[in-house]
Amino acid sequence: MTPGPHTGLTLRGRVLIGDRLRGDGTVSVYSATDADLPVTVTLLDPEAAADPATTQAFLGRARSLADADTPGLARVLDQGADDDLVYMVTEHLPGRTIAQVLEGGERGLRYAPHAALTIVTGVLTALDEAHDQGVVHGGLGPRSVVLDGEGRVMVTGLRMLGIEGVTPRTDVHAVGGLLQTLLTGSLRFDGDTVPNPSSLVPGLSPDLDELVANATETNPRHRPRDAGQYRAMVEQVVRSLPGPDGDTGPGTEPIPVVEPATGSTAERPVPLWRRAPFLAIAGVLVLVLFAAGRALVPDDTAELPDLVGYTTAMAEVELEALELGLDHSYDETYSDEAQPGEVAATDPTAGTELGKGETILLSVSIGARYVEVPDVVGGTESEARGLLRDAGFGEVEVVREHSGDHDPGTVLSTTPEAGEDGDREEGITLHVNEGVIVPTLIDMTRDEAFDALESLELTATVVEAAAETVSEGRVAAQNPEPGTVLPEDGEVTLTVSTGPEEVEETEEEEIEDEEAGSDPEEESDEEEPEAPAECSAAAWDSGSTYDTGDRVQYEGRVYEARRWTLAIPPNVGGELSAWVDQGPC
């Protein structure tokens with residue numbers, strides 16, 4: 001640990017940043033204290049934080065980790081921005097990392113097989129829960145697995161940026177490399193190939209070699225699909241291995257590598273006939289069948305994996321890993337199981353044999369159809385619409401009623417009532433205290449608009465402006481818009497047209513046009529460049545909900561929502577998409 005550029009600074013007036021623990025140039029991890037309690041702070045590099053998209057990606061990842069309920073992962077305590085510091089605060093994990101215990105692999109230390117497999121099982125248990133919640137680690141290694149003095153295994157150091165192509169199979173590969181490190185003490189591998197443990201430690205069981213090989217296959221489609229499947233394979237091998245003396249689990253210190261003496265059987269694999277017959281055969285069969293099934297799958301076909309619970313990005317990577325040139329499309333569906341933004345179902349279903357170029361329909365969850373109605377009574381109509389949209393209700397009907405006890409525009413009640421389950425397909429009815437409803441005044445003459453407002457006891461303010469499509473003396477715009485509820489004596493601003501804006505052409509410009517001799521028909525055939533759209537929209541976020549008219553930026557273009565939507569990228573769906581392309585940004 002060494003001081004870093006942010007050592008000594010304070011976040012939010014309470015979190016004191018200490019020494020720098022590690023970093024990759026874009027994200028740095030520091031020790032820290034919060035009210036004298038040890039914590040860990042992850043900071044986004046200031047240059048990276050200057051990019052709004054990078055900041056949004058960092059904070060979005062932090063929020064998703066904070067929402068995950070995974071006991072084996074370090075908990076996220078806070079996240080946000082403090083001046084130019086973009087941060088995430090996580091709990092401090094007492095203990096030592098695998099890398100610290102092995103001390104860089106320079107002392108020739110390693111774990112005995114049962115201890116190594118116990119540690120890996122703990123890691124896979126944490127990752128299994130994370131994968132079930134759509135969270136991938138993306139950066140697992142000896143420096144991100146912590147062992148405390150009571151033998152517990154904890155995982156930290158989750159990758160914060162660049163996780164678009166990371167899937168559960170990526171984490172499985174990392175766990176396979178971790179198992180190799182635990183068994184051999186080696187922290188470094190040449191290239192992408194992870195050598196068999198027995199090539200470095202003679203006498204280790206072939207079952208251990210097979211476990212490492214299965215997880216670290218170069219082609220992701222040949223690896224276990226997630227942490228849960230790999231843990232089942234590890235547990236089979238654990239039950240089939242003998243328990244040598246001194247191998248007491250993850251709390252043990254690494255033992256020095258000792259070359260087996262002649263005639264010694266301490267590190268030699270025990271013959272299968274000496275193991276418990278059922279467990280031995282079961283463990284071997286799992287590995288053999290997994291490898292055999294992998295070898296028998298033809299190159300031009302593959303089995304569709306179970307993508308339910310995956311984010312759309314993770315599902316796309318899984319499909320690409322099958323190397324069949326598969327196409328995919330999306331639709332939205334209600335789901336009580338899958339979280340919003342996760343895949344709720346596929347067509348065809350998981351386990352279907354696929355050929356090259358087939359199309360997969362991914363049905364993305366927009367949440368449960370029946371959700372609890374939030375309490376919006378007493379608030380304004382605008383506030384109520386926002387809360388209902390956040391709850392997932394896209395359709396809101398407003399009924400005007402009179403109540404002398406409330407201000408105009410106040411929500412009096414809802415149907416269904418607050419706390420009841422509402423059907424998102426049918427929407428919500430808001431009962432709103434009527435005031436004066438602003439009428440449509442567009443295209444009225446000035447006098448007609450004045451008379452209409454006067455009859456409603458509303459006052460008018462007039463501004464004049466040129467308008468290409470509205471005749472002089474008529475209303476071109478109004479504020480507030482029609483349908484707005486105002487109190488009595490409310491004010492409406494009318495923009496009255498002065499006619500089209502006149503552009504005077506100077507004598508010199510007329511001469512230049514005549515000399516140019518341009519043909520208007522030829523000019524009209526030229527394709528004008530696409531005008532850039534307004535770039536003030538926020539970047540699209542797969543975890544956010546959007547209502548009709550909302551605008552977002554995505555891959556250099558601006559899109560506007562046709563209807564309520566969630567999770568499906570704006571550039572997907574063609575004419576049936578929930579988004580309308582507004583042009584480049």
# chains A, B, ... in the order shown; residues from 1 in each chain; ligands from 1
call {"tool": "residues_around", "arguments": {"residues": "Glu358 (chain A)", "least_positions_apart": "2", "cutoff": "9 Å", "atoms": "only C-alpha atoms", "output": "PyMOL selection string"}}
result
chain A and resi 324-328+354-356+360
call {"tool": "residues_around", "arguments": {"residues": "Val496 (chain A)", "least_positions_apart": "3", "cutoff": "8 Å", "atoms": "only C-alpha atoms", "output": "list in words"}}
result
Arg446, Val462, Val463, Glu464, Ala465, Glu472, Gly473, Arg474, Val475, Ala476 and Ala477 of chain A
call {"tool": "residues_around", "arguments": {"residues": "Ile17 (chain A)", "least_positions_apart": "5", "cutoff": "6 Å", "atoms": "only C-alpha atoms", "output": "PyMOL selection string"}}
result
chain A and resi 7-9+32
call {"tool": "write_last_selection", "arguments": {"atoms": "N, CA, C and O atoms", "output": "PDB file, in the first residue's frame"}}
result
ATOM      1  N   THR A   7      -5.100  10.379  -1.517  1.00  0.00           N
ATOM      2  CA  THR A   7      -4.885  10.076  -0.104  1.00  0.00           C
ATOM      3  C   THR A   7      -5.020  11.348   0.732  1.00  0.00           C
ATOM      4  O   THR A   7      -4.453  12.392   0.401  1.00  0.00           O
ATOM      5  N   GLY A   8      -5.784  11.271   1.809  1.00  0.00           N
ATOM      6  CA  GLY A   8      -5.977  12.409   2.696  1.00  0.00           C
ATOM      7  C   GLY A   8      -7.213  13.230   2.398  1.00  0.00           C
ATOM      8  O   GLY A   8      -7.614  14.068   3.210  1.00  0.00           O
ATOM      9  N   LEU A   9      -7.866  13.004   1.252  1.00  0.00           N
ATOM     10  CA  LEU A   9      -9.089  13.730   0.925  1.00  0.00           C
ATOM     11  C   LEU A   9     -10.271  13.118   1.676  1.00  0.00           C
ATOM     12  O   LEU A   9     -10.218  11.975   2.127  1.00  0.00           O
ATOM     13  N   ALA A  32      -9.912   3.287   3.473  1.00  0.00           N
ATOM     14  CA  ALA A  32     -10.543   4.506   3.970  1.00  0.00           C
ATOM     15  C   ALA A  32     -11.183   4.211   5.316  1.00  0.00           C
ATOM     16  O   ALA A  32     -11.269   3.056   5.758  1.00  0.00           O
TER      17      ALA A  32
END
call {"tool": "closest_residue", "arguments": {"among": "A:Leu21, A:Ala466, A:Ala53, A:Ala460", "to": "Ala538 (chain A)", "atoms": "only C-alpha atoms"}}
result
A:Ala53
call {"tool": "residues_around", "arguments": {"residues": "Gln339 (chain A)", "least_positions_apart": "2", "cutoff": "7 Å", "atoms": "only C-alpha atoms", "output": "list in words"}}
result
Glu337, Gly341, Glu342, Ser365 and Gly367 of chain A
call {"tool": "write_last_selection", "arguments": {"atoms": "N, CA, C and O atoms", "output": "PDB file, in the first residue's frame"}}
result
ATOM      1  N   GLU A 337     -40.886 -13.526 -12.201  1.00  0.00           N
ATOM      2  CA  GLU A 337     -39.609 -14.068 -11.764  1.00  0.00           C
ATOM      3  C   GLU A 337     -38.428 -13.208 -12.197  1.00  0.00           C
ATOM      4  O   GLU A 337     -37.585 -12.839 -11.385  1.00  0.00           O
ATOM      5  N   GLY A 341     -35.567  -5.825 -17.314  1.00  0.00           N
ATOM      6  CA  GLY A 341     -34.332  -5.765 -18.089  1.00  0.00           C
ATOM      7  C   GLY A 341     -33.672  -7.109 -18.295  1.00  0.00           C
ATOM      8  O   GLY A 341     -32.741  -7.216 -19.096  1.00  0.00           O
ATOM      9  N   GLU A 342     -34.142  -8.151 -17.595  1.00  0.00           N
ATOM     10  CA  GLU A 342     -33.577  -9.483 -17.751  1.00  0.00           C
ATOM     11  C   GLU A 342     -34.413 -10.304 -18.742  1.00  0.00           C
ATOM     12  O   GLU A 342     -35.599 -10.038 -18.947  1.00  0.00           O
ATOM     13  N   SER A 365     -38.062  -8.964 -19.656  1.00  0.00           N
ATOM     14  CA  SER A 365     -39.015  -8.649 -18.593  1.00  0.00           C
ATOM     15  C   SER A 365     -39.176  -7.142 -18.421  1.00  0.00           C
ATOM     16  O   SER A 365     -38.190  -6.402 -18.404  1.00  0.00           O
ATOM     17  N   GLY A 367     -41.028  -6.424 -15.752  1.00  0.00           N
ATOM     18  CA  GLY A 367     -41.516  -6.544 -14.388  1.00  0.00           C
ATOM     19  C   GLY A 367     -42.831  -7.302 -14.326  1.00  0.00           C
ATOM     20  O   GLY A 367     -43.360  -7.771 -15.324  1.00  0.00           O
TER      21      GLY A 367
END
call {"tool": "closest_residue", "arguments": {"among": "A:Val27, A:Ala232, A:Val15, A:Val172", "to": "Val212 (chain A)", "atoms": "only C-alpha atoms"}}
result
A:Val172
call {"tool": "residues_around", "arguments": {"residues": "Asp306 (chain A)", "least_positions_apart": "2", "cutoff": "10 Å", "atoms": "only C-alpha atoms", "output": "list of chain:residue names"}}
result
A:Arg225, A:Glu303, A:Leu304, A:Val308, A:Gly309, A:Tyr310, A:Ala315, A:Glu318, A:Val343, A:Ala345, A:Thr346, A:Thr349, A:Ala350, A:Gly351, A:Thr352
call {"tool": "atom_distance", "arguments": {"atom1": "CA of Gln478 (chain A)", "atom2": "CA of Thr459 (chain A)"}}
result
12.6 Å
call {"tool": "closest_residue", "arguments": {"among": "A:Leu147, A:Met88, A:Ala68, A:Val76", "to": "Arg12 (chain A)", "atoms": "only C-alpha atoms"}}
result
A:Met88
call {"tool": "atom_distance", "arguments": {"atom1": "CA of Val234 (chain A)", "atom2": "CA of Val175 (chain A)"}}
result
11.0 Å
call {"tool": "closest_residue", "arguments": {"among": "A:Leu494, A:Leu453, A:Val485, A:Ala391", "to": "Ile366 (chain A)", "atoms": "only C-alpha atoms"}}
result
A:Ala391
call {"tool": "residues_around", "arguments": {"residues": "Glu434 (chain A)", "least_positions_apart": "6", "cutoff": "8 Å", "atoms": "only C-alpha atoms", "output": "NGL selection string"}}
result
:A and (400-403 or 408-409 or 485)
call {"tool": "select_by_dssp", "arguments": {"residues": "region 36-73 of chain A", "states": "strand (DSSP E)", "output": "MDAnalysis selection string"}}
result
chainID A and resid 37:44
call {"tool": "write_last_selection", "arguments": {"atoms": "N, CA, C and O atoms", "output": "PDB file, in the first residue's frame"}}
result
ATOM      1  N   LEU A  37     -14.638   3.700  11.199  1.00  0.00           N
ATOM      2  CA  LEU A  37     -14.804   2.309  10.790  1.00  0.00           C
ATOM      3  C   LEU A  37     -14.099   2.093   9.451  1.00  0.00           C
ATOM      4  O   LEU A  37     -14.231   2.919   8.539  1.00  0.00           O
ATOM      5  N   PRO A  38     -13.354   1.002   9.306  1.00  0.00           N
ATOM      6  CA  PRO A  38     -12.639   0.785   8.043  1.00  0.00           C
ATOM      7  C   PRO A  38     -13.598   0.462   6.904  1.00  0.00           C
ATOM      8  O   PRO A  38     -14.540  -0.309   7.061  1.00  0.00           O
ATOM      9  N   VAL A  39     -13.377   1.074   5.751  1.00  0.00           N
ATOM     10  CA  VAL A  39     -14.134   0.802   4.531  1.00  0.00           C
ATOM     11  C   VAL A  39     -13.149   0.809   3.365  1.00  0.00           C
ATOM     12  O   VAL A  39     -11.959   1.061   3.538  1.00  0.00           O
ATOM     13  N   THR A  40     -13.656   0.538   2.196  1.00  0.00           N
ATOM     14  CA  THR A  40     -12.857   0.589   0.976  1.00  0.00           C
ATOM     15  C   THR A  40     -13.539   1.535  -0.008  1.00  0.00           C
ATOM     16  O   THR A  40     -14.761   1.501  -0.149  1.00  0.00           O
ATOM     17  N   VAL A  41     -12.752   2.390  -0.665  1.00  0.00           N
ATOM     18  CA  VAL A  41     -13.294   3.364  -1.610  1.00  0.00           C
ATOM     19  C   VAL A  41     -12.729   3.083  -3.000  1.00  0.00           C
ATOM     20  O   VAL A  41     -11.505   2.952  -3.163  1.00  0.00           O
ATOM     21  N   THR A  42     -13.612   2.978  -3.974  1.00  0.00           N
ATOM     22  CA  THR A  42     -13.216   2.838  -5.379  1.00  0.00           C
ATOM     23  C   THR A  42     -13.495   4.160  -6.081  1.00  0.00           C
ATOM     24  O   THR A  42     -14.623   4.660  -6.041  1.00  0.00           O
ATOM     25  N   LEU A  43     -12.466   4.730  -6.711  1.00  0.00           N
ATOM     26  CA  LEU A  43     -12.568   6.045  -7.341  1.00  0.00           C
ATOM     27  C   LEU A  43     -12.367   5.932  -8.843  1.00  0.00           C
ATOM     28  O   LEU A  43     -11.502   5.185  -9.313  1.00  0.00           O
ATOM     29  N   LEU A  44     -13.157   6.693  -9.575  1.00  0.00           N
ATOM     30  CA  LEU A  44     -12.984   6.814 -11.023  1.00  0.00           C
ATOM     31  C   LEU A  44     -11.935   7.886 -11.286  1.00  0.00           C
ATOM     32  O   LEU A  44     -11.991   8.973 -10.698  1.00  0.00           O
TER      33      LEU A  44
END
call {"tool": "residues_around", "arguments": {"residues": "Arg562 (chain A)", "least_positions_apart": "5", "cutoff": "8 Å", "atoms": "only C-alpha atoms", "output": "PyMOL selection string"}}
result
chain A and resi 547-549+578-580
call {"tool": "write_last_selection", "arguments": {"atoms": "C-alpha atoms", "output": "CSV table (one decimal), in the first residue's frame"}}
result
chain,number,residue,atom,x,y,z
A,547,ASP,CA,-42.3,7.2,-21.1
A,548,THR,CA,-43.8,8.5,-24.4
A,549,GLY,CA,-41.7,11.5,-25.6
A,578,ALA,CA,-40.6,1.5,-29.0
A,579,TRP,CA,-38.1,4.2,-30.1
A,580,VAL,CA,-38.1,6.6,-33.0
call {"tool": "decode", "arguments": {"residues": "region 133-157 of chain A", "atoms": "N, CA, C and O atoms", "output": "compact mmCIF listing (two decimals), in the first residue's frame"}}
result
# COMPACT_ATOMS: atom_id res chain seq x y z
N GLN A 133 -28.70 -13.13 -9.97
CA GLN A 133 -29.24 -11.77 -9.92
C GLN A 133 -28.74 -10.90 -11.07
O GLN A 133 -28.92 -9.69 -11.06
N GLY A 134 -28.12 -11.54 -12.06
CA GLY A 134 -27.67 -10.81 -13.23
C GLY A 134 -26.38 -10.04 -13.04
O GLY A 134 -26.05 -9.16 -13.84
N VAL A 135 -25.62 -10.35 -11.99
CA VAL A 135 -24.36 -9.65 -11.71
C VAL A 135 -23.19 -10.57 -12.03
O VAL A 135 -23.14 -11.71 -11.57
N VAL A 136 -22.26 -10.07 -12.82
CA VAL A 136 -21.02 -10.80 -13.10
C VAL A 136 -19.85 -10.06 -12.47
O VAL A 136 -19.92 -8.85 -12.26
N HIS A 137 -18.80 -10.79 -12.15
CA HIS A 137 -17.64 -10.19 -11.50
C HIS A 137 -16.75 -9.50 -12.52
O HIS A 137 -16.49 -8.30 -12.44
N GLY A 138 -16.26 -10.25 -13.47
CA GLY A 138 -15.49 -9.67 -14.56
C GLY A 138 -14.02 -9.45 -14.28
O GLY A 138 -13.27 -9.09 -15.20
N GLY A 139 -13.57 -9.63 -13.04
CA GLY A 139 -12.15 -9.38 -12.76
C GLY A 139 -11.63 -10.26 -11.63
O GLY A 139 -10.73 -9.85 -10.89
N LEU A 140 -12.18 -11.47 -11.50
CA LEU A 140 -11.81 -12.34 -10.39
C LEU A 140 -10.37 -12.81 -10.51
O LEU A 140 -9.89 -13.12 -11.60
N GLY A 141 -9.66 -12.87 -9.39
CA GLY A 141 -8.30 -13.37 -9.35
C GLY A 141 -7.84 -13.54 -7.91
O GLY A 141 -8.61 -13.29 -6.97
N PRO A 142 -6.59 -13.94 -7.70
CA PRO A 142 -6.09 -14.16 -6.33
C PRO A 142 -6.15 -12.92 -5.46
O PRO A 142 -6.18 -13.03 -4.24
N ARG A 143 -6.17 -11.74 -6.06
CA ARG A 143 -6.22 -10.50 -5.27
C ARG A 143 -7.63 -10.09 -4.89
O ARG A 143 -7.81 -9.12 -4.17
N SER A 144 -8.64 -10.79 -5.39
CA SER A 144 -10.02 -10.42 -5.08
C SER A 144 -10.74 -11.47 -4.26
O SER A 144 -11.95 -11.39 -4.08
N VAL A 145 -10.03 -12.48 -3.76
CA VAL A 145 -10.60 -13.49 -2.87
C VAL A 145 -9.94 -13.34 -1.50
O VAL A 145 -8.72 -13.45 -1.38
N VAL A 146 -10.76 -13.08 -0.48
CA VAL A 146 -10.26 -12.80 0.86
C VAL A 146 -10.66 -13.92 1.81
O VAL A 146 -11.82 -14.35 1.82
N LEU A 147 -9.70 -14.38 2.61
CA LEU A 147 -9.95 -15.40 3.63
C LEU A 147 -9.77 -14.76 5.00
O LEU A 147 -8.74 -14.12 5.25
N ASP A 148 -10.79 -14.90 5.87
CA ASP A 148 -10.61 -14.36 7.21
C ASP A 148 -10.12 -15.44 8.16
O ASP A 148 -9.90 -16.60 7.76
N GLY A 149 -9.94 -15.08 9.41
CA GLY A 149 -9.38 -16.02 10.37
C GLY A 149 -10.31 -17.14 10.75
O GLY A 149 -9.90 -18.10 11.41
N GLU A 150 -11.58 -17.06 10.35
CA GLU A 150 -12.55 -18.10 10.70
C GLU A 150 -12.85 -19.03 9.53
O GLU A 150 -13.81 -19.80 9.58
N GLY A 151 -12.07 -18.93 8.47
CA GLY A 151 -12.24 -19.83 7.34
C GLY A 151 -13.28 -19.42 6.33
O GLY A 151 -13.60 -20.19 5.43
N ARG A 152 -13.84 -18.20 6.47
CA ARG A 152 -14.84 -17.74 5.51
C ARG A 152 -14.17 -17.19 4.25
O ARG A 152 -13.09 -16.61 4.31
N VAL A 153 -14.86 -17.39 3.14
CA VAL A 153 -14.36 -16.94 1.84
C VAL A 153 -15.24 -15.78 1.37
O VAL A 153 -16.47 -15.92 1.30
N MET A 154 -14.63 -14.64 1.06
CA MET A 154 -15.36 -13.47 0.59
C MET A 154 -14.76 -13.01 -0.73
O MET A 154 -13.56 -13.19 -0.98
N VAL A 155 -15.59 -12.39 -1.56
CA VAL A 155 -15.15 -11.94 -2.89
C VAL A 155 -15.32 -10.44 -2.99
O VAL A 155 -16.36 -9.88 -2.59
N THR A 156 -14.31 -9.77 -3.53
CA THR A 156 -14.35 -8.32 -3.71
C THR A 156 -13.74 -7.99 -5.07
O THR A 156 -13.50 -8.87 -5.89
N GLY A 157 -13.49 -6.70 -5.30
CA GLY A 157 -12.78 -6.30 -6.51
C GLY A 157 -13.54 -6.50 -7.80
O GLY A 157 -12.93 -6.80 -8.85
